[in-house]
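K.L.:
Got a structure here, written out as structure tokens. Questions coming.
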Number of protein chains: 2
Amino acid sequence: MKVAVVTSNANKAREVAAYFAGVLTVEHVPLACPEFRHADVGEIARGKAEFAYKTLSRPLIVDDTGLFVDALGGFPGPYAAYVHDTIGNAGVLKLMEGVEDRSARFETAIAFAREDGIRVFRGILPGTIVPPRGEEGFGYDPIFEHAGRTLAEIPLSEKSRISHRARALEAFRAWVEREAGDDRTVNMSKNE
Amino acid sequence: MKVAVVTSNANKAREVAAYFAGVLTVEHVPLACPEFRHADVGEIARGKAEFAYKTLSRPLIVDDTGLFVDALGGFPGPYAAYVHDTIGNAGVLKLMEGVEDRSARFETAIAFAREDGIRVFRGILPGTIVPPRGEEGFGYDPIFEHAGRTLAEIPLSEKSRISHRARALEAFRAWVEREAGDDRTVNMSKNE
């Protein structure tokens with residue numbers, strides 16, 4: 001199967017291509033998709049996939065990622081990028097001053113669209129908000145700790161295996177492989 | 001001219017209808033519009049108007065509003081509603097602790113779409129971020145001071161005459177009336 005990765009970020013498309021080498025043929029399509037405002041990244045990804053499928057009429061994936069801090073009612077949520085561009089990590093840490101519950105999660109949703117509909121696959125990385133540590137990565141990585149290290153203390157090659165994004169890709173890949181297996185079974189019974 | 005007010009908020013549509021009584025015929029259309037992520041409410045409103053016009057094919061307006069705090073790099077910007085739902089006024093005030101520059105602005109953009117294209121009209125209300133005062137209004141009104149009073153200290157009937165939203169409606173109305181005037185001129189010359 002050939003899948004379009006619809007994103008303005010060529011690096012994302014390359015990452016997906018490497019991840020699915022031998023399983024899917026991946027092509028980068030830099031189409032910007034409008035989205036409905038929603039607190040759930042899965043619903044945002046689904047809406048973008050609907051738009052992209054109407055435009056491109058071919059199998060494709062789009063994704064959306066958010067950071068959800070429990071004590072802040074899910075802030076910054078799907079608007080993590082805009083919030084980071086404006087108040088930054090310093091702003092999030094200021095909001096968390098004196099707050100005991102530090103729990104948060106990163107969540108990526110991948111929406112896969114093709115003729116028979118849209119499926120959403122999620123990857124969640126639980127963690128806590130901490131004072132900044134580490135030099136790797138970008139965005140909120142220095143203040144998001146998972147299993148004892150901040151994401152900025154984890155080498156990129158390792159992060160790309162354990163991240164929320166990796167987990168969503170895994171969920172999608174497991175589904176693709178299961179479906180390929182089902183197809184083989186069907187073909188085999190036909191050939192009996 | 002008959003204009004559809006495209007919004008999920010029936011109160012907004014009623015407000016526009018009252019404002020344009022005798023000038024425009026206004027009808028509420030509760031269509032949800034997807035939008036491109038953008039830091040500018042004018043560009044967001046323009047994108048929603050394009051979508052709505054493709055769907056409805058008739059003259060319409062949509063709007064978008066943001067709150068931009070200078071010292072916070074424009075935060076919360078077009079995502080003011082989500083930010084208010086999560087960290088609230090208390091969160092914004094916490095971010096402003098110890099910050100000397102309190103200046104901010106509310107901005108509403110109204111996008112008017114019809115066959116010959118899309119026009120954007122803006123209304124800006126400058127102010128400052130202050131500790132909460134007043135019982136009127138909603139959202140950020142208690143912490144946004146304009147000309148000595150917070151928006152929550154201004155009666156609704158007065159607020160709806162001076163607000164960013166009122167200013168954007170005024171700009172639109174001035175254009176509508178100018179155009180009606182031009183049409184009369186054209187018709188008169190034709191009738192000469």
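Ordering of the structure tokens sets the chain letters (A, B, ...); residue numbers start at 1 within each chain; ligands are numbered from 1 in the order shown.
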Select all residues from chain A having any atom no more than 9 Å from an atom of chain B (counting only C-alpha atoms, ignoring ligands), output as a PDB file with N, CA, C and O atoms, in the first residue's frame.
P.N.:
```
ATOM      1  N   ALA A  32      -1.627  21.824   3.755  1.00  0.00           N
ATOM      2  CA  ALA A  32      -2.102  22.339   5.043  1.00  0.00           C
ATOM      3  C   ALA A  32      -3.591  22.023   5.179  1.00  0.00           C
ATOM      4  O   ALA A  32      -4.358  22.232   4.249  1.00  0.00           O
ATOM      5  N   CYS A  33      -3.985  21.506   6.327  1.00  0.00           N
ATOM      6  CA  CYS A  33      -5.384  21.113   6.547  1.00  0.00           C
ATOM      7  C   CYS A  33      -6.020  22.009   7.596  1.00  0.00           C
ATOM      8  O   CYS A  33      -5.471  22.160   8.682  1.00  0.00           O
ATOM      9  N   PRO A  34      -7.195  22.547   7.317  1.00  0.00           N
ATOM     10  CA  PRO A  34      -7.901  23.274   8.371  1.00  0.00           C
ATOM     11  C   PRO A  34      -8.464  22.278   9.380  1.00  0.00           C
ATOM     12  O   PRO A  34      -8.604  21.099   9.074  1.00  0.00           O
ATOM     13  N   GLU A  35      -8.769  22.758  10.552  1.00  0.00           N
ATOM     14  CA  GLU A  35      -9.236  21.848  11.596  1.00  0.00           C
ATOM     15  C   GLU A  35     -10.338  22.487  12.427  1.00  0.00           C
ATOM     16  O   GLU A  35     -10.433  23.710  12.520  1.00  0.00           O
ATOM     17  N   PHE A  36     -11.174  21.645  12.990  1.00  0.00           N
ATOM     18  CA  PHE A  36     -12.174  22.131  13.937  1.00  0.00           C
ATOM     19  C   PHE A  36     -11.512  22.269  15.307  1.00  0.00           C
ATOM     20  O   PHE A  36     -10.668  21.464  15.671  1.00  0.00           O
ATOM     21  N   ARG A  37     -11.928  23.281  16.062  1.00  0.00           N
ATOM     22  CA  ARG A  37     -11.396  23.418  17.419  1.00  0.00           C
ATOM     23  C   ARG A  37     -11.952  22.310  18.283  1.00  0.00           C
ATOM     24  O   ARG A  37     -13.153  22.076  18.317  1.00  0.00           O
ATOM     25  N   HIS A  38     -11.079  21.615  18.960  1.00  0.00           N
ATOM     26  CA  HIS A  38     -11.508  20.492  19.767  1.00  0.00           C
ATOM     27  C   HIS A  38     -10.449  20.243  20.827  1.00  0.00           C
ATOM     28  O   HIS A  38      -9.268  20.481  20.586  1.00  0.00           O
ATOM     29  N   ALA A  39     -10.858  19.780  21.994  1.00  0.00           N
ATOM     30  CA  ALA A  39      -9.890  19.512  23.057  1.00  0.00           C
ATOM     31  C   ALA A  39      -9.174  18.180  22.841  1.00  0.00           C
ATOM     32  O   ALA A  39      -8.201  17.871  23.513  1.00  0.00           O
ATOM     33  N   GLY A  47     -10.612  15.184  11.687  1.00  0.00           N
ATOM     34  CA  GLY A  47     -11.136  16.259  10.841  1.00  0.00           C
ATOM     35  C   GLY A  47     -10.164  16.640   9.735  1.00  0.00           C
ATOM     36  O   GLY A  47     -10.556  16.856   8.583  1.00  0.00           O
ATOM     37  N   LYS A  48      -8.876  16.726  10.084  1.00  0.00           N
ATOM     38  CA  LYS A  48      -7.877  17.056   9.070  1.00  0.00           C
ATOM     39  C   LYS A  48      -7.792  15.950   8.025  1.00  0.00           C
ATOM     40  O   LYS A  48      -7.639  16.224   6.833  1.00  0.00           O
ATOM     41  N   ALA A  71      -3.057  19.302  36.342  1.00  0.00           N
ATOM     42  CA  ALA A  71      -3.393  20.365  37.303  1.00  0.00           C
ATOM     43  C   ALA A  71      -3.824  21.651  36.599  1.00  0.00           C
ATOM     44  O   ALA A  71      -4.400  22.535  37.229  1.00  0.00           O
ATOM     45  N   LEU A  72      -3.544  21.756  35.289  1.00  0.00           N
ATOM     46  CA  LEU A  72      -3.945  22.951  34.532  1.00  0.00           C
ATOM     47  C   LEU A  72      -5.161  22.660  33.652  1.00  0.00           C
ATOM     48  O   LEU A  72      -5.392  23.334  32.643  1.00  0.00           O
ATOM     49  N   GLY A  73      -5.921  21.631  34.016  1.00  0.00           N
ATOM     50  CA  GLY A  73      -7.168  21.346  33.302  1.00  0.00           C
ATOM     51  C   GLY A  73      -6.951  20.925  31.855  1.00  0.00           C
ATOM     52  O   GLY A  73      -7.837  21.077  31.013  1.00  0.00           O
ATOM     53  N   GLY A  74      -5.767  20.374  31.565  1.00  0.00           N
ATOM     54  CA  GLY A  74      -5.490  19.940  30.197  1.00  0.00           C
ATOM     55  C   GLY A  74      -4.743  20.970  29.367  1.00  0.00           C
ATOM     56  O   GLY A  74      -4.434  20.725  28.208  1.00  0.00           O
ATOM     57  N   PHE A  75      -4.447  22.112  29.941  1.00  0.00           N
ATOM     58  CA  PHE A  75      -3.621  23.126  29.270  1.00  0.00           C
ATOM     59  C   PHE A  75      -2.226  22.562  29.057  1.00  0.00           C
ATOM     60  O   PHE A  75      -1.756  21.826  29.914  1.00  0.00           O
ATOM     61  N   PRO A  76      -1.502  22.894  28.001  1.00  0.00           N
ATOM     62  CA  PRO A  76      -1.913  23.678  26.835  1.00  0.00           C
ATOM     63  C   PRO A  76      -2.667  22.873  25.788  1.00  0.00           C
ATOM     64  O   PRO A  76      -3.106  23.446  24.806  1.00  0.00           O
ATOM     65  N   GLY A  77      -2.827  21.581  25.988  1.00  0.00           N
ATOM     66  CA  GLY A  77      -3.655  20.762  25.112  1.00  0.00           C
ATOM     67  C   GLY A  77      -3.203  20.784  23.666  1.00  0.00           C
ATOM     68  O   GLY A  77      -2.001  20.776  23.367  1.00  0.00           O
ATOM     69  N   TYR A  79      -3.103  23.114  21.711  1.00  0.00           N
ATOM     70  CA  TYR A  79      -2.481  24.385  21.315  1.00  0.00           C
ATOM     71  C   TYR A  79      -1.085  24.524  21.894  1.00  0.00           C
ATOM     72  O   TYR A  79      -0.564  25.623  22.066  1.00  0.00           O
ATOM     73  N   TYR A  82       1.410  26.791  19.875  1.00  0.00           N
ATOM     74  CA  TYR A  82       1.215  28.241  20.020  1.00  0.00           C
ATOM     75  C   TYR A  82       1.621  28.706  21.418  1.00  0.00           C
ATOM     76  O   TYR A  82       2.263  29.750  21.578  1.00  0.00           O
ATOM     77  N   VAL A  83       1.254  27.939  22.418  1.00  0.00           N
ATOM     78  CA  VAL A  83       1.596  28.303  23.796  1.00  0.00           C
ATOM     79  C   VAL A  83       3.114  28.323  23.966  1.00  0.00           C
ATOM     80  O   VAL A  83       3.676  29.218  24.595  1.00  0.00           O
ATOM     81  N   ASP A  85       5.311  28.905  21.648  1.00  0.00           N
ATOM     82  CA  ASP A  85       5.837  30.069  20.925  1.00  0.00           C
ATOM     83  C   ASP A  85       5.630  31.372  21.696  1.00  0.00           C
ATOM     84  O   ASP A  85       6.325  32.347  21.435  1.00  0.00           O
ATOM     85  N   THR A  86       4.656  31.409  22.577  1.00  0.00           N
ATOM     86  CA  THR A  86       4.352  32.670  23.265  1.00  0.00           C
ATOM     87  C   THR A  86       4.931  32.691  24.697  1.00  0.00           C
ATOM     88  O   THR A  86       5.859  33.430  24.968  1.00  0.00           O
ATOM     89  N   ILE A  87       4.426  31.852  25.589  1.00  0.00           N
ATOM     90  CA  ILE A  87       4.912  31.919  26.982  1.00  0.00           C
ATOM     91  C   ILE A  87       6.053  30.941  27.256  1.00  0.00           C
ATOM     92  O   ILE A  87       6.746  31.079  28.261  1.00  0.00           O
ATOM     93  N   GLY A  91       6.810  29.959  31.033  1.00  0.00           N
ATOM     94  CA  GLY A  91       5.417  30.250  31.350  1.00  0.00           C
ATOM     95  C   GLY A  91       4.724  29.047  31.964  1.00  0.00           C
ATOM     96  O   GLY A  91       4.000  29.177  32.961  1.00  0.00           O
ATOM     97  N   VAL A  92       4.934  27.883  31.390  1.00  0.00           N
ATOM     98  CA  VAL A  92       4.296  26.678  31.934  1.00  0.00           C
ATOM     99  C   VAL A  92       4.808  26.415  33.350  1.00  0.00           C
ATOM    100  O   VAL A  92       4.027  26.086  34.260  1.00  0.00           O
ATOM    101  N   LYS A  94       5.900  28.631  35.444  1.00  0.00           N
ATOM    102  CA  LYS A  94       5.326  29.644  36.332  1.00  0.00           C
ATOM    103  C   LYS A  94       3.902  29.239  36.749  1.00  0.00           C
ATOM    104  O   LYS A  94       3.520  29.367  37.910  1.00  0.00           O
ATOM    105  N   LEU A  95       3.140  28.733  35.780  1.00  0.00           N
ATOM    106  CA  LEU A  95       1.779  28.272  36.095  1.00  0.00           C
ATOM    107  C   LEU A  95       1.805  27.123  37.102  1.00  0.00           C
ATOM    108  O   LEU A  95       0.847  26.920  37.845  1.00  0.00           O
TER     109      LEU A  95
END
```
K.L.:
Among stretch 37-100 of chain B, which ones does DSSP assign to strand (DSSP E or B) (computed from the backbone)? Answer as number ranges by chain.
P.N.:
B: 60-69, 76-77
K.L.:
What would the file look like if the residues just selected were written as a CSV table (one decimal), in the first residue's frame with N, CA, C and O atoms?
P.N.:
```
chain,number,residue,atom,x,y,z
B,60,LEU,N,-22.3,36.0,3.5
B,60,LEU,CA,-22.2,35.6,4.9
B,60,LEU,C,-21.1,36.3,5.7
B,60,LEU,O,-20.2,36.9,5.0
B,61,ILE,N,-21.2,36.3,7.0
B,61,ILE,CA,-20.1,36.8,7.8
B,61,ILE,C,-19.8,35.7,8.9
B,61,ILE,O,-20.6,35.0,9.3
B,62,VAL,N,-18.5,35.6,9.2
B,62,VAL,CA,-18.0,34.8,10.3
B,62,VAL,C,-17.0,35.7,11.1
B,62,VAL,O,-16.5,36.7,10.5
B,63,ASP,N,-16.8,35.4,12.3
B,63,ASP,CA,-15.9,36.2,13.1
B,63,ASP,C,-14.9,35.4,13.9
B,63,ASP,O,-15.1,34.2,14.1
B,64,ASP,N,-13.9,36.0,14.4
B,64,ASP,CA,-13.0,35.3,15.3
B,64,ASP,C,-12.4,36.4,16.2
B,64,ASP,O,-12.2,37.5,15.8
B,65,THR,N,-12.2,36.0,17.5
B,65,THR,CA,-11.7,37.0,18.5
B,65,THR,C,-10.6,36.4,19.2
B,65,THR,O,-10.5,35.2,19.5
B,66,GLY,N,-9.6,37.3,19.6
B,66,GLY,CA,-8.5,36.8,20.4
B,66,GLY,C,-8.1,37.9,21.4
B,66,GLY,O,-8.5,39.0,21.3
B,67,LEU,N,-7.4,37.4,22.5
B,67,LEU,CA,-6.9,38.3,23.5
B,67,LEU,C,-5.3,38.2,23.4
B,67,LEU,O,-4.8,37.1,23.4
B,68,PHE,N,-4.7,39.4,23.2
B,68,PHE,CA,-3.2,39.4,23.0
B,68,PHE,C,-2.5,40.2,24.1
B,68,PHE,O,-2.7,41.4,24.1
B,69,VAL,N,-1.8,39.5,24.9
B,69,VAL,CA,-1.1,40.2,26.0
B,69,VAL,C,0.4,40.4,25.5
B,69,VAL,O,1.1,39.4,25.2
B,76,PRO,N,-3.0,34.8,25.2
B,76,PRO,CA,-3.4,33.5,24.7
B,76,PRO,C,-3.8,33.6,23.2
B,76,PRO,O,-4.1,32.6,22.6
B,77,GLY,N,-3.8,34.8,22.6
B,77,GLY,CA,-4.1,34.9,21.2
B,77,GLY,C,-5.4,34.4,20.7
B,77,GLY,O,-6.4,34.5,21.4
```
K.L.:
Can you pull out the residues contacting A:Lys159? Cut-off 12 Å, using only C-alpha atoms, and skip same-chain residues under 2 positions away; I want them as a list in words.
P.N.:
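Neighbouring residues, sequence-local ones excluded: Leu125, Glu136, Gly137, Phe138, Asp141, His146, Arg149, Thr150, Leu151, Ala152, Glu153, Ile154, Pro155, Leu156, Ser157, Arg161, Ile162, Ser163, His164, Arg165, Ala166 and Arg167 of chain A.
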K.L.:
Using N, CA, C and O atoms, can you write the selected residues to a file as a PDB file, in the first residue's frame?
P.N.:
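Generated file (result.pdb):
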```pdb
ATOM      1  N   LEU A 125       2.223   9.269  26.138  1.00  0.00           N
ATOM      2  CA  LEU A 125       3.425   9.168  26.967  1.00  0.00           C
ATOM      3  C   LEU A 125       3.135   9.901  28.274  1.00  0.00           C
ATOM      4  O   LEU A 125       3.039  11.132  28.295  1.00  0.00           O
ATOM      5  N   GLU A 136      18.829  17.828  24.508  1.00  0.00           N
ATOM      6  CA  GLU A 136      18.303  17.238  23.269  1.00  0.00           C
ATOM      7  C   GLU A 136      16.910  17.790  22.974  1.00  0.00           C
ATOM      8  O   GLU A 136      16.314  18.489  23.774  1.00  0.00           O
ATOM      9  N   GLY A 137      16.416  17.405  21.771  1.00  0.00           N
ATOM     10  CA  GLY A 137      15.013  17.645  21.466  1.00  0.00           C
ATOM     11  C   GLY A 137      14.664  19.107  21.293  1.00  0.00           C
ATOM     12  O   GLY A 137      15.496  19.946  20.963  1.00  0.00           O
ATOM     13  N   PHE A 138      13.396  19.421  21.569  1.00  0.00           N
ATOM     14  CA  PHE A 138      12.874  20.763  21.302  1.00  0.00           C
ATOM     15  C   PHE A 138      11.600  20.944  22.107  1.00  0.00           C
ATOM     16  O   PHE A 138      11.137  20.017  22.787  1.00  0.00           O
ATOM     17  N   ASP A 141      10.363  19.375  25.660  1.00  0.00           N
ATOM     18  CA  ASP A 141      11.195  18.233  26.054  1.00  0.00           C
ATOM     19  C   ASP A 141      11.960  18.447  27.365  1.00  0.00           C
ATOM     20  O   ASP A 141      11.991  17.539  28.202  1.00  0.00           O
ATOM     21  N   HIS A 146       9.904  11.598  31.878  1.00  0.00           N
ATOM     22  CA  HIS A 146       9.260  10.290  31.728  1.00  0.00           C
ATOM     23  C   HIS A 146      10.233   9.241  32.251  1.00  0.00           C
ATOM     24  O   HIS A 146      11.382   9.188  31.803  1.00  0.00           O
ATOM     25  N   ARG A 149      13.896  10.472  33.336  1.00  0.00           N
ATOM     26  CA  ARG A 149      14.669  11.406  32.511  1.00  0.00           C
ATOM     27  C   ARG A 149      13.720  12.360  31.805  1.00  0.00           C
ATOM     28  O   ARG A 149      12.589  11.981  31.453  1.00  0.00           O
ATOM     29  N   THR A 150      14.185  13.596  31.572  1.00  0.00           N
ATOM     30  CA  THR A 150      13.379  14.469  30.712  1.00  0.00           C
ATOM     31  C   THR A 150      13.593  14.013  29.266  1.00  0.00           C
ATOM     32  O   THR A 150      14.602  13.366  28.947  1.00  0.00           O
ATOM     33  N   LEU A 151      12.649  14.375  28.400  1.00  0.00           N
ATOM     34  CA  LEU A 151      12.796  13.999  26.991  1.00  0.00           C
ATOM     35  C   LEU A 151      14.044  14.650  26.388  1.00  0.00           C
ATOM     36  O   LEU A 151      14.600  14.142  25.416  1.00  0.00           O
ATOM     37  N   ALA A 152      14.494  15.750  26.982  1.00  0.00           N
ATOM     38  CA  ALA A 152      15.705  16.412  26.481  1.00  0.00           C
ATOM     39  C   ALA A 152      16.968  15.720  26.987  1.00  0.00           C
ATOM     40  O   ALA A 152      18.072  16.066  26.584  1.00  0.00           O
ATOM     41  N   GLU A 153      16.821  14.739  27.893  1.00  0.00           N
ATOM     42  CA  GLU A 153      17.975  13.950  28.345  1.00  0.00           C
ATOM     43  C   GLU A 153      18.052  12.614  27.602  1.00  0.00           C
ATOM     44  O   GLU A 153      18.925  11.801  27.879  1.00  0.00           O
ATOM     45  N   ILE A 154      17.117  12.384  26.711  1.00  0.00           N
ATOM     46  CA  ILE A 154      17.072  11.111  25.983  1.00  0.00           C
ATOM     47  C   ILE A 154      17.579  11.351  24.566  1.00  0.00           C
ATOM     48  O   ILE A 154      17.072  12.235  23.871  1.00  0.00           O
ATOM     49  N   PRO A 155      18.573  10.593  24.112  1.00  0.00           N
ATOM     50  CA  PRO A 155      19.069  10.782  22.742  1.00  0.00           C
ATOM     51  C   PRO A 155      17.932  10.628  21.730  1.00  0.00           C
ATOM     52  O   PRO A 155      17.019   9.817  21.926  1.00  0.00           O
ATOM     53  N   LEU A 156      18.011  11.399  20.653  1.00  0.00           N
ATOM     54  CA  LEU A 156      16.931  11.438  19.677  1.00  0.00           C
ATOM     55  C   LEU A 156      16.567  10.043  19.159  1.00  0.00           C
ATOM     56  O   LEU A 156      15.388   9.708  19.013  1.00  0.00           O
ATOM     57  N   SER A 157      17.588   9.220  18.898  1.00  0.00           N
ATOM     58  CA  SER A 157      17.325   7.882  18.336  1.00  0.00           C
ATOM     59  C   SER A 157      16.483   7.063  19.314  1.00  0.00           C
ATOM     60  O   SER A 157      15.607   6.301  18.909  1.00  0.00           O
ATOM     61  N   ARG A 161      11.980   6.079  19.476  1.00  0.00           N
ATOM     62  CA  ARG A 161      11.446   4.728  19.674  1.00  0.00           C
ATOM     63  C   ARG A 161      10.415   4.674  20.791  1.00  0.00           C
ATOM     64  O   ARG A 161       9.571   3.776  20.814  1.00  0.00           O
ATOM     65  N   ILE A 162      10.500   5.604  21.751  1.00  0.00           N
ATOM     66  CA  ILE A 162       9.623   5.479  22.939  1.00  0.00           C
ATOM     67  C   ILE A 162       8.560   6.579  23.032  1.00  0.00           C
ATOM     68  O   ILE A 162       7.694   6.523  23.893  1.00  0.00           O
ATOM     69  N   SER A 163       8.629   7.564  22.155  1.00  0.00           N
ATOM     70  CA  SER A 163       7.762   8.741  22.314  1.00  0.00           C
ATOM     71  C   SER A 163       6.285   8.439  22.060  1.00  0.00           C
ATOM     72  O   SER A 163       5.936   7.396  21.506  1.00  0.00           O
ATOM     73  N   HIS A 164       5.422   9.374  22.459  1.00  0.00           N
ATOM     74  CA  HIS A 164       4.001   9.335  22.143  1.00  0.00           C
ATOM     75  C   HIS A 164       3.786   9.128  20.644  1.00  0.00           C
ATOM     76  O   HIS A 164       2.938   8.360  20.222  1.00  0.00           O
ATOM     77  N   ARG A 165       4.615   9.820  19.849  1.00  0.00           N
ATOM     78  CA  ARG A 165       4.515   9.691  18.400  1.00  0.00           C
ATOM     79  C   ARG A 165       4.874   8.275  17.951  1.00  0.00           C
ATOM     80  O   ARG A 165       4.183   7.680  17.127  1.00  0.00           O
ATOM     81  N   ALA A 166       5.951   7.721  18.546  1.00  0.00           N
ATOM     82  CA  ALA A 166       6.345   6.341  18.223  1.00  0.00           C
ATOM     83  C   ALA A 166       5.224   5.377  18.609  1.00  0.00           C
ATOM     84  O   ALA A 166       4.918   4.430  17.882  1.00  0.00           O
ATOM     85  N   ARG A 167       4.588   5.638  19.743  1.00  0.00           N
ATOM     86  CA  ARG A 167       3.529   4.732  20.206  1.00  0.00           C
ATOM     87  C   ARG A 167       2.313   4.768  19.271  1.00  0.00           C
ATOM     88  O   ARG A 167       1.669   3.742  19.042  1.00  0.00           O
TER      89      ARG A 167
END
```
K.L.:
List as a list in words the protein and nucleic acid residues near stretch 8-13 of chain B, meaning an atom at most 7 Å away when only C-alpha atoms are counted, but skip any in the same chain fewer than 6 places from it.
P.N.:
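So, after excluding close chain neighbours, the residues are His28, Pro30, Leu31 and Ala32 of chain B.
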K.L.:
If you keep all heavy atoms, can you produce a file of those selected residues as an mmCIF file, in the first residue's frame?
P.N.:
```cif
data_model
loop_
_atom_site.group_PDB
_atom_site.id
_atom_site.type_symbol
_atom_site.label_atom_id
_atom_site.label_comp_id
_atom_site.auth_asym_id
_atom_site.auth_seq_id
_atom_site.Cartn_x
_atom_site.Cartn_y
_atom_site.Cartn_z
ATOM 1 N N HIS B 28 -29.403 33.609 11.091
ATOM 2 C CA HIS B 28 -28.422 32.788 11.809
ATOM 3 C C HIS B 28 -28.263 31.430 11.140
ATOM 4 O O HIS B 28 -29.239 30.714 10.925
ATOM 5 C CB HIS B 28 -28.887 32.597 13.268
ATOM 6 C CG HIS B 28 -27.991 31.696 14.058
ATOM 7 N ND1 HIS B 28 -28.452 30.860 15.041
ATOM 8 C CD2 HIS B 28 -26.648 31.501 13.994
ATOM 9 C CE1 HIS B 28 -27.439 30.184 15.556
ATOM 10 N NE2 HIS B 28 -26.338 30.556 14.947
ATOM 11 N N PRO B 30 -26.116 28.025 11.914
ATOM 12 C CA PRO B 30 -25.202 27.402 12.887
ATOM 13 C C PRO B 30 -24.303 26.358 12.243
ATOM 14 O O PRO B 30 -24.355 25.182 12.571
ATOM 15 C CB PRO B 30 -26.163 26.767 13.896
ATOM 16 C CG PRO B 30 -27.376 26.436 13.081
ATOM 17 C CD PRO B 30 -27.463 27.462 11.982
ATOM 18 N N LEU B 31 -23.443 26.812 11.325
ATOM 19 C CA LEU B 31 -22.504 25.906 10.654
ATOM 20 C C LEU B 31 -21.144 26.015 11.341
ATOM 21 O O LEU B 31 -20.635 27.128 11.524
ATOM 22 C CB LEU B 31 -22.382 26.317 9.180
ATOM 23 C CG LEU B 31 -21.297 25.632 8.344
ATOM 24 C CD1 LEU B 31 -21.692 24.192 8.035
ATOM 25 C CD2 LEU B 31 -21.061 26.421 7.051
ATOM 26 N N ALA B 32 -20.553 24.870 11.717
ATOM 27 C CA ALA B 32 -19.200 24.899 12.298
ATOM 28 C C ALA B 32 -18.179 24.929 11.166
ATOM 29 O O ALA B 32 -18.303 24.174 10.206
ATOM 30 C CB ALA B 32 -18.983 23.682 13.187
#
```
K.L.:
One decimal, in Å: what's the spacing between atom CA of A:Thr55 and atom CA of A:Gly117?
P.N.:
14.6 Å
